[in-house]
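Colleague: Hey, dropping query32.txt in here, compact mmCIF, C-alpha atoms:
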# COMPACT_ATOMS: atom_id res chain seq x y z
CA MET A 1 0.00 0.00 0.00
CA CYS A 2 1.55 3.28 -1.11
CA ASN A 3 1.13 6.17 1.31
CA GLU A 4 2.79 8.92 -0.76
CA ILE A 5 -0.48 10.80 -1.17
CA ASP A 6 -0.99 10.63 2.60
CA GLU A 7 2.45 12.21 3.03
CA ILE A 8 1.73 14.88 0.42
CA VAL A 9 -1.55 15.75 2.13
CA SER A 10 0.17 15.97 5.52
CA ILE A 11 2.77 18.38 4.17
CA ALA A 12 0.17 20.43 2.31
CA ARG A 13 -1.87 20.88 5.46
CA LYS A 14 1.19 22.00 7.42
CA ILE A 15 1.89 24.85 5.01
CA GLY A 16 -1.70 25.80 4.26
CA ILE A 17 -2.13 24.35 0.76
CA GLU A 18 -5.75 23.48 -0.02
CA THR A 19 -5.44 22.35 -3.65
CA ILE A 20 -3.13 19.60 -4.91
CA GLU A 21 -2.54 18.60 -8.52
CA LEU A 22 -1.60 14.95 -8.99
CA SER A 23 0.63 14.09 -11.95
CA ALA A 24 2.69 11.18 -13.26
CA ASN A 25 5.48 11.25 -10.68
CA VAL A 26 3.12 10.67 -7.72
CA LYS A 27 3.04 7.03 -6.65
CA HIS A 28 -0.32 5.37 -6.08
CA ASN A 29 -1.89 2.01 -5.29
CA GLY A 30 -4.22 1.56 -8.26
CA ARG A 31 -7.37 3.39 -9.28
CA ALA A 32 -9.72 1.73 -6.76
CA GLY A 33 -7.43 2.42 -3.82
CA LEU A 34 -6.65 5.86 -5.14
CA ILE A 35 -10.32 6.83 -5.29
CA LYS A 36 -10.80 5.71 -1.67
CA THR A 37 -7.74 7.70 -0.61
CA LEU A 38 -8.87 10.90 -2.32
CA ILE A 39 -12.44 10.58 -0.98
CA LYS A 40 -10.91 10.33 2.50
CA TYR A 41 -9.47 13.81 2.05
CA SER A 42 -12.70 15.49 1.03
CA ASP A 43 -11.65 18.73 2.75
CA LEU A 44 -8.98 19.25 0.05
CA ASN A 45 -9.29 20.02 -3.66
CA PHE A 46 -7.53 17.58 -5.98
CA LEU A 47 -6.75 18.11 -9.66
CA ILE A 48 -5.79 15.29 -12.03
CA HIS A 49 -3.24 15.96 -14.76
CA HIS A 50 -2.60 13.98 -17.96
CA TYR A 51 -0.63 10.81 -17.10
CA PHE A 52 -1.96 10.25 -13.58
CA PRO A 53 -2.47 7.68 -12.28
CA ALA A 54 0.53 6.37 -14.22
CA PRO A 55 0.06 2.76 -15.39
CA HIS A 56 2.46 0.01 -14.31
CA ALA A 57 3.56 -0.51 -17.93
CA PRO A 58 4.71 2.93 -19.18
CA PHE A 59 3.53 4.23 -22.54
CA VAL A 60 3.37 7.61 -24.26
CA CYS A 61 -0.08 9.16 -23.92
CA ASN A 62 -0.44 10.99 -27.23
CA ILE A 63 -3.69 11.51 -29.14
CA ALA A 64 -2.08 13.16 -32.18
CA HIS A 65 -0.37 10.07 -33.63
CA PRO A 66 -2.15 6.99 -35.05
CA ALA A 67 0.20 4.56 -33.29
CA THR A 68 -0.79 5.83 -29.83
CA VAL A 69 -4.23 7.38 -30.14
CA GLU A 70 -6.36 4.31 -29.33
CA LYS A 71 -4.50 3.30 -26.17
CA SER A 72 -4.24 6.93 -25.11
CA CYS A 73 -7.99 7.42 -25.45
CA GLU A 74 -8.71 4.36 -23.32
CA PHE A 75 -6.41 5.70 -20.60
CA ILE A 76 -7.85 9.23 -20.79
CA GLN A 77 -11.42 7.95 -20.59
CA GLU A 78 -10.60 6.08 -17.38
CA ASN A 79 -9.17 9.30 -15.95
CA ILE A 80 -12.28 11.20 -16.97
CA LYS A 81 -14.46 8.60 -15.22
CA MET A 82 -12.33 8.92 -12.09
CA CYS A 83 -12.70 12.71 -12.13
CA GLY A 84 -16.45 12.26 -12.44
CA ILE A 85 -16.58 9.88 -9.47
CA LEU A 86 -14.53 12.27 -7.35
CA GLY A 87 -16.41 15.39 -8.44
CA ILE A 88 -13.31 16.94 -10.01
CA PRO A 89 -14.64 19.36 -12.65
CA TYR A 90 -11.53 19.56 -14.86
CA TYR A 91 -9.05 17.08 -16.31
CA SER A 92 -5.98 18.56 -18.01
CA LEU A 93 -4.00 16.82 -20.73
CA HIS A 94 -1.35 17.49 -23.35
CA ALA A 95 -2.29 18.43 -26.89
CA GLY A 96 -0.11 15.72 -28.44
CA TYR A 97 2.41 15.60 -31.27
CA GLY A 98 2.96 14.03 -34.67
CA ILE A 99 5.91 11.87 -33.64
CA ASN A 100 5.94 8.56 -31.79
CA PRO A 101 8.70 8.57 -29.18
CA LYS A 102 9.29 5.76 -26.72
CA ALA A 103 8.56 6.49 -23.07
CA THR A 104 12.32 6.47 -22.41
CA GLN A 105 12.77 9.28 -24.98
CA LEU A 106 10.48 11.76 -23.25
CA GLY A 107 12.45 14.80 -22.16
CA GLU A 108 15.28 13.84 -24.53
CA ASP A 109 16.23 14.92 -28.06
CA GLN A 110 13.44 13.75 -30.40
CA SER A 111 14.44 15.68 -33.51
CA HIS A 112 15.71 12.51 -35.21
CA LEU A 113 12.21 10.97 -35.17
CA ILE A 114 10.21 11.09 -38.38
CA PRO A 115 6.87 12.92 -37.97
CA ILE A 116 3.69 12.07 -39.78
CA PRO A 117 2.33 14.86 -42.05
CA TYR A 118 1.36 17.85 -39.92
CA GLU A 119 -2.20 18.10 -41.29
CA GLN A 120 -2.77 14.42 -40.49
CA SER A 121 -1.65 14.93 -36.91
CA LEU A 122 -3.69 18.11 -36.47
CA THR A 123 -6.84 16.50 -37.87
CA LEU A 124 -6.40 13.42 -35.69
CA PHE A 125 -5.93 15.59 -32.62
CA VAL A 126 -9.01 17.74 -33.25
CA ASP A 127 -11.25 14.79 -34.13
CA THR A 128 -10.10 12.89 -31.04
CA ALA A 129 -10.44 15.93 -28.79
CA ILE A 130 -14.06 16.34 -29.91
CA LYS A 131 -14.82 12.68 -29.11
CA LEU A 132 -13.14 12.90 -25.71
CA GLU A 133 -14.99 16.07 -24.79
CA LYS A 134 -18.33 14.45 -25.67
CA PHE A 135 -17.35 11.49 -23.49
CA ALA A 136 -16.34 13.85 -20.65
CA ASP A 137 -19.69 15.64 -20.83
CA GLN A 138 -21.35 12.45 -19.54
CA PHE A 139 -19.35 12.78 -16.32
CA LYS A 140 -19.66 16.59 -16.02
CA VAL A 141 -15.93 16.99 -16.59
CA LYS A 142 -14.32 19.67 -18.76
CA LEU A 143 -11.05 18.99 -20.57
CA LEU A 144 -8.19 21.48 -20.46
CA TRP A 145 -5.61 21.32 -23.25
CA GLU A 146 -2.01 22.10 -22.30
CA ASN A 147 0.41 23.85 -24.65
CA ASN A 148 3.48 21.85 -25.67
CA VAL A 149 7.10 22.91 -25.26
CA VAL A 150 9.61 23.11 -28.11
CA ALA A 151 13.21 23.41 -26.92
CA PHE A 152 16.17 24.18 -29.19
CA VAL A 153 17.22 20.54 -29.02
CA ASN A 154 13.85 19.47 -30.44
CA GLN A 155 13.61 21.80 -33.42
CA PHE A 156 12.61 20.13 -36.66
CA LYS A 157 14.49 21.94 -39.39
CA ASP A 158 12.58 23.21 -42.45
CA ILE A 159 9.25 21.60 -41.49
CA ARG A 160 6.29 22.57 -39.33
CA THR A 161 6.93 21.63 -35.70
CA PRO A 162 5.11 18.37 -34.89
CA TYR A 163 4.43 19.57 -31.33
CA LEU A 164 0.83 20.80 -31.51
CA PHE A 165 -0.34 23.85 -29.59
CA SER A 166 3.16 25.22 -29.14
CA ASP A 167 3.09 28.45 -31.18
CA ILE A 168 0.94 31.21 -32.64
CA LYS A 169 0.69 29.45 -36.01
CA PHE A 170 -1.34 26.71 -34.31
CA LEU A 171 -3.75 29.34 -32.97
CA GLU A 172 -4.05 30.88 -36.43
CA GLU A 173 -4.73 27.48 -37.99
CA LEU A 174 -7.63 26.86 -35.61
CA GLU A 175 -9.03 30.37 -35.18
CA ASN A 176 -12.05 29.55 -37.37
CA ASP A 177 -12.50 26.01 -36.07
CA SER A 178 -15.82 25.46 -34.28
CA TRP A 179 -14.30 23.04 -31.75
CA TRP A 180 -11.41 25.34 -30.83
CA GLU A 181 -13.80 28.24 -30.36
CA ASN A 182 -15.10 26.59 -27.18
CA ALA A 183 -12.00 24.63 -26.13
CA LEU A 184 -10.46 25.31 -22.70
CA VAL A 185 -6.77 25.59 -21.88
CA LEU A 186 -4.19 24.84 -19.23
CA LEU A 187 -1.42 27.34 -19.95
CA ASP A 188 2.06 26.21 -18.95
CA ILE A 189 4.09 29.41 -18.79
CA GLY A 190 7.39 27.52 -18.56
CA HIS A 191 6.53 25.75 -21.82
CA LEU A 192 5.49 29.05 -23.37
CA LYS A 193 8.73 30.82 -22.42
CA VAL A 194 10.89 28.12 -24.03
CA SER A 195 8.71 27.67 -27.13
CA ALA A 196 8.52 31.42 -27.77
CA ASN A 197 12.29 31.65 -27.56
CA THR A 198 12.85 28.64 -29.83
CA LEU A 199 10.20 29.41 -32.44
CA LYS A 200 10.52 33.20 -32.24
CA PHE A 201 7.01 34.41 -31.47
CA SER A 202 5.47 36.90 -29.04
CA ILE A 203 4.50 35.68 -25.57
CA ASP A 204 2.08 38.60 -25.23
CA GLU A 205 0.31 37.82 -28.51
CA PHE A 206 0.04 34.13 -27.65
CA MET A 207 -1.56 34.95 -24.29
CA GLU A 208 -3.90 37.52 -25.81
CA ARG A 209 -5.19 34.96 -28.30
CA ILE A 210 -6.04 32.41 -25.59
CA SER A 211 -6.87 34.78 -22.72
CA GLN A 212 -10.53 33.76 -22.38
CA LYS A 213 -9.79 30.03 -22.70
CA VAL A 214 -7.36 29.64 -19.80
CA VAL A 215 -8.76 27.91 -16.71
CA HIS A 216 -5.53 26.68 -15.08
CA ILE A 217 -1.92 27.86 -15.22
CA HIS A 218 1.19 25.76 -14.58
CA ALA A 219 3.63 28.25 -13.11
CA SER A 220 7.41 27.90 -13.15
CA ASP A 221 10.35 29.73 -14.68
CA ASN A 222 13.43 28.83 -16.72
CA ASP A 223 16.21 30.35 -18.82
CA GLY A 224 14.18 30.18 -22.03
CA LEU A 225 16.26 27.26 -23.30
CA VAL A 226 15.12 24.30 -21.19
CA ASP A 227 11.85 23.77 -19.32
CA ASN A 228 13.34 22.74 -15.96
CA ASN A 229 10.71 24.03 -13.50
CA GLN A 230 12.77 26.66 -11.74
CA PRO A 231 11.26 28.88 -8.99
CA LEU A 232 9.20 31.93 -9.84
CA THR A 233 10.61 35.44 -9.37
CA ASN A 234 9.12 38.91 -9.58
CA GLU A 235 10.49 39.03 -13.14
CA THR A 236 8.31 36.01 -14.00
CA PHE A 237 5.21 38.06 -13.22
CA VAL A 238 6.51 40.99 -15.24
CA LEU A 239 7.06 38.77 -18.30
CA PHE A 240 3.67 37.08 -17.94
CA ASN A 241 1.79 40.11 -16.65
CA LYS A 242 -1.10 39.63 -19.09
CA PHE A 243 -2.35 36.45 -17.42
CA LYS A 244 -3.66 38.64 -14.61
CA THR A 245 -6.43 39.61 -17.05
CA PHE A 246 -7.56 36.02 -17.71
CA ASN A 247 -11.22 36.27 -16.67
CA ASN A 248 -11.89 32.51 -16.49
CA LEU A 249 -8.79 31.50 -14.53
CA LYS A 250 -9.56 29.18 -11.59
CA TYR A 251 -6.14 27.91 -10.43
CA LEU A 252 -2.52 28.96 -10.66
CA ILE A 253 -0.60 25.74 -9.98
CA LEU A 254 2.96 25.98 -8.67
CA GLU A 255 5.01 23.52 -10.75
CA VAL A 256 8.48 23.99 -9.25
CA SER A 257 10.72 21.00 -8.57
CA GLN A 258 13.19 20.05 -5.85
CA ILE A 259 12.78 22.92 -3.41
CA SER A 260 12.36 22.89 0.37
CA LEU A 261 9.11 23.45 2.27
CA THR A 262 10.41 26.87 3.26
CA LYS A 263 11.00 27.72 -0.40
CA ILE A 264 7.54 26.45 -1.31
CA GLN A 265 6.03 28.78 1.27
CA GLU A 266 8.11 31.65 -0.13
CA GLN A 267 6.86 30.83 -3.64
CA ILE A 268 3.25 30.82 -2.45
CA THR A 269 3.76 34.19 -0.80
CA LEU A 270 5.32 35.53 -4.00
CA VAL A 271 2.32 34.33 -6.01
CA ARG A 272 -0.14 35.85 -3.57
CA ASN A 273 1.74 39.14 -3.56
CA ASN A 274 1.55 39.29 -7.35
CA PHE A 275 -1.73 37.57 -8.05
CA ALA A 276 -5.02 36.78 -6.34
CA VAL A 277 -5.70 33.27 -7.73
CA VAL A 278 -3.86 30.30 -6.15
What do you get writing this file as structure tokens?

Modeller:
Amino acid sequence: MCNEIDEIVSIARKIGIETIELSANVKHNGRAGLIKTLIKYSDLNFLIHHYFPAPHAPFVCNIAHPATVEKSCEFIQENIKMCGILGIPYYSLHAGYGINPKATQLGEDQSHLIPIPYEQSLTLFVDTAIKLEKFADQFKVKLLWENNVVAFVNQFKDIRTPYLFSDIKFLEELENDSWWENALVLLDIGHLKVSANTLKFSIDEFMERISQKVVHIHASDNDGLVDNNQPLTNETFVLFNKFKTFNNLKYLILEVSQISLTKIQEQITLVRNNFAVV
């Protein structure tokens, strides 16, 4: 029986955190046990993100490639059901990409992989997103689509980037699409900072185009080269000042790795000093 969630809850209570997002690196004891555990902590708000609860046999959850879309949909549907059972109103997931990396290649250089045609990947993603959102409606769950990150190491020379929802061109391609008109977003500002630097587009314009779609934010900082979940600073809030105008924002989720409890408390204070939503 894994008690990592119990430990996380204990720490969260000590430092006054009331909302916890669970993602792939959190250990668990299977869906049935997990549901019982989360129900036990009904005084807290839980959010479920993408690849949680991670399966025992790792795979790449990607709905924008034909080799992975079927298995990914089955996994996502189980997560949607779990959110419905637990009364979690949102489930966030990645937009996907037109390459088929192995699980061991995630976070590594993928530029040697051969992508499927961009239009094929985009069409598959949109069609699948529509089906998943209809499925989620049955459980009163809304899906939030997270923007991808494109680092310098993962540039695909002379072709359209296969990482969907990573630049302004993607927003332009879907601006007249009836599905995208009502789609909701989880904006990862660390991803955005790196992608904007790599692909040379305006952070402000990107945020303006999705301002009314954003429900959650993943908040961390980096050097613009690698998305490594560094702590926030006052400069972070200057660079991303426009997200303070996001009218539909519900949660700003601190996504900073390997820092002490004291540092976490300092980060929360920094967020609250700069922004009202936590």

Colleague: Can you tell me which residues surround region 38-42 of chain A at a distance of at most 10 Å, considering only C-alpha atoms, apart from same-chain residues fewer than 3 positions away, and format the answer as number ranges by chain?

Modeller: A: 5-6, 9, 33-35, 45-46, 85-87

Colleague: Between A:Asn241, A:Thr37, A:Ser211, A:Ser92, which residue has the minimum interatomic distance to Glu21 (chain A), considering all atoms listed in the file?

Modeller: A:Ser92

Colleague: Given the choices A:Phe125, A:Ala54, A:Asn100, A:Asn228, which gets closest to Thr68 (chain A) if the distance is worked out from all atoms listed in the file?

Modeller: A:Asn100

Colleague: Have a look at CA of Gln230 (chain A) and CA of Lys263 (chain A) and let me know their distance in Å, one decimal.

Modeller: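 CA of Lys263 (chain A) lies 11.5 Å from CA of Gln230 (chain A).
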
Colleague: Region 245-257 of chain A, all listed atoms, 8 Å padding on each side: what axis-aligned box centre and edge lengths in Å to one decimal come out, as JSON?

Modeller:
{"center_x": -0.6, "center_y": 30.3, "center_z": -13.1, "size_x": 38.6, "size_y": 34.6, "size_z": 25.1}

Colleague: Kindly assemble as a tab-separated table a list of the region 15-124 of chain A residues that lie within 12 Å of region 168-181 of chain A, each paired with its nearest atom pair and their distance in Å to one decimal, using only C-alpha atoms, sorted first by chain and then by ascending residue number.

Modeller:
residue	atom	partner	partner_atom	distance
A:Ala95	CA	A:Phe170	CA	11.2
A:Tyr118	CA	A:Phe170	CA	10.8
A:Glu119	CA	A:Glu173	CA	10.3
A:Leu122	CA	A:Phe170	CA	9.2
A:Thr123	CA	A:Leu174	CA	10.6

Colleague: Enter the distance from CA of Ser166 (chain A) to CA of Leu199 (chain A), in Å, rounded to one decimal.

Modeller: 8.8 Å

Colleague: Taking the partial coordinates given, rebuild region 169-181 of chain A to contain N, CA and C atoms; return it as an mmCIF file, in the coordinates of the input.

Modeller:
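So the final result, stored in selection-v7.cif, reads:
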data_model
loop_
_atom_site.group_PDB
_atom_site.id
_atom_site.type_symbol
_atom_site.label_atom_id
_atom_site.label_comp_id
_atom_site.auth_asym_id
_atom_site.auth_seq_id
_atom_site.Cartn_x
_atom_site.Cartn_y
_atom_site.Cartn_z
ATOM 1 N N LYS A 169 1.197 30.034 -34.760
ATOM 2 C CA LYS A 169 0.690 29.450 -36.010
ATOM 3 C C LYS A 169 -0.424 28.446 -35.738
ATOM 4 N N PHE A 170 -0.296 27.665 -34.676
ATOM 5 C CA PHE A 170 -1.340 26.710 -34.310
ATOM 6 C C PHE A 170 -2.649 27.449 -34.016
ATOM 7 N N LEU A 171 -2.555 28.559 -33.297
ATOM 8 C CA LEU A 171 -3.750 29.340 -32.970
ATOM 9 C C LEU A 171 -4.380 29.939 -34.215
ATOM 10 N N GLU A 172 -3.545 30.347 -35.163
ATOM 11 C CA GLU A 172 -4.050 30.880 -36.430
ATOM 12 C C GLU A 172 -4.733 29.794 -37.247
ATOM 13 N N GLU A 173 -4.161 28.594 -37.227
ATOM 14 C CA GLU A 173 -4.730 27.480 -37.990
ATOM 15 C C GLU A 173 -6.117 27.091 -37.491
ATOM 16 N N LEU A 174 -6.371 27.290 -36.192
ATOM 17 C CA LEU A 174 -7.630 26.860 -35.610
ATOM 18 C C LEU A 174 -8.578 28.011 -35.258
ATOM 19 N N GLU A 175 -8.235 29.234 -35.644
ATOM 20 C CA GLU A 175 -9.030 30.370 -35.180
ATOM 21 C C GLU A 175 -10.456 30.350 -35.732
ATOM 22 N N ASN A 176 -10.690 29.659 -36.839
ATOM 23 C CA ASN A 176 -12.050 29.550 -37.370
ATOM 24 C C ASN A 176 -12.660 28.173 -37.150
ATOM 25 N N ASP A 177 -12.021 27.368 -36.333
ATOM 26 C CA ASP A 177 -12.500 26.010 -36.070
ATOM 27 C C ASP A 177 -13.568 26.041 -34.977
ATOM 28 N N SER A 178 -14.697 25.403 -35.227
ATOM 29 C CA SER A 178 -15.820 25.460 -34.280
ATOM 30 C C SER A 178 -15.481 24.772 -32.957
ATOM 31 N N TRP A 179 -14.683 23.700 -33.004
ATOM 32 C CA TRP A 179 -14.300 23.040 -31.750
ATOM 33 C C TRP A 179 -13.393 23.954 -30.921
ATOM 34 N N TRP A 180 -12.371 24.511 -31.555
ATOM 35 C CA TRP A 180 -11.410 25.340 -30.830
ATOM 36 C C TRP A 180 -12.057 26.578 -30.231
ATOM 37 N N GLU A 181 -13.108 27.049 -30.850
ATOM 38 C CA GLU A 181 -13.800 28.240 -30.360
ATOM 39 C C GLU A 181 -14.233 28.077 -28.913
#
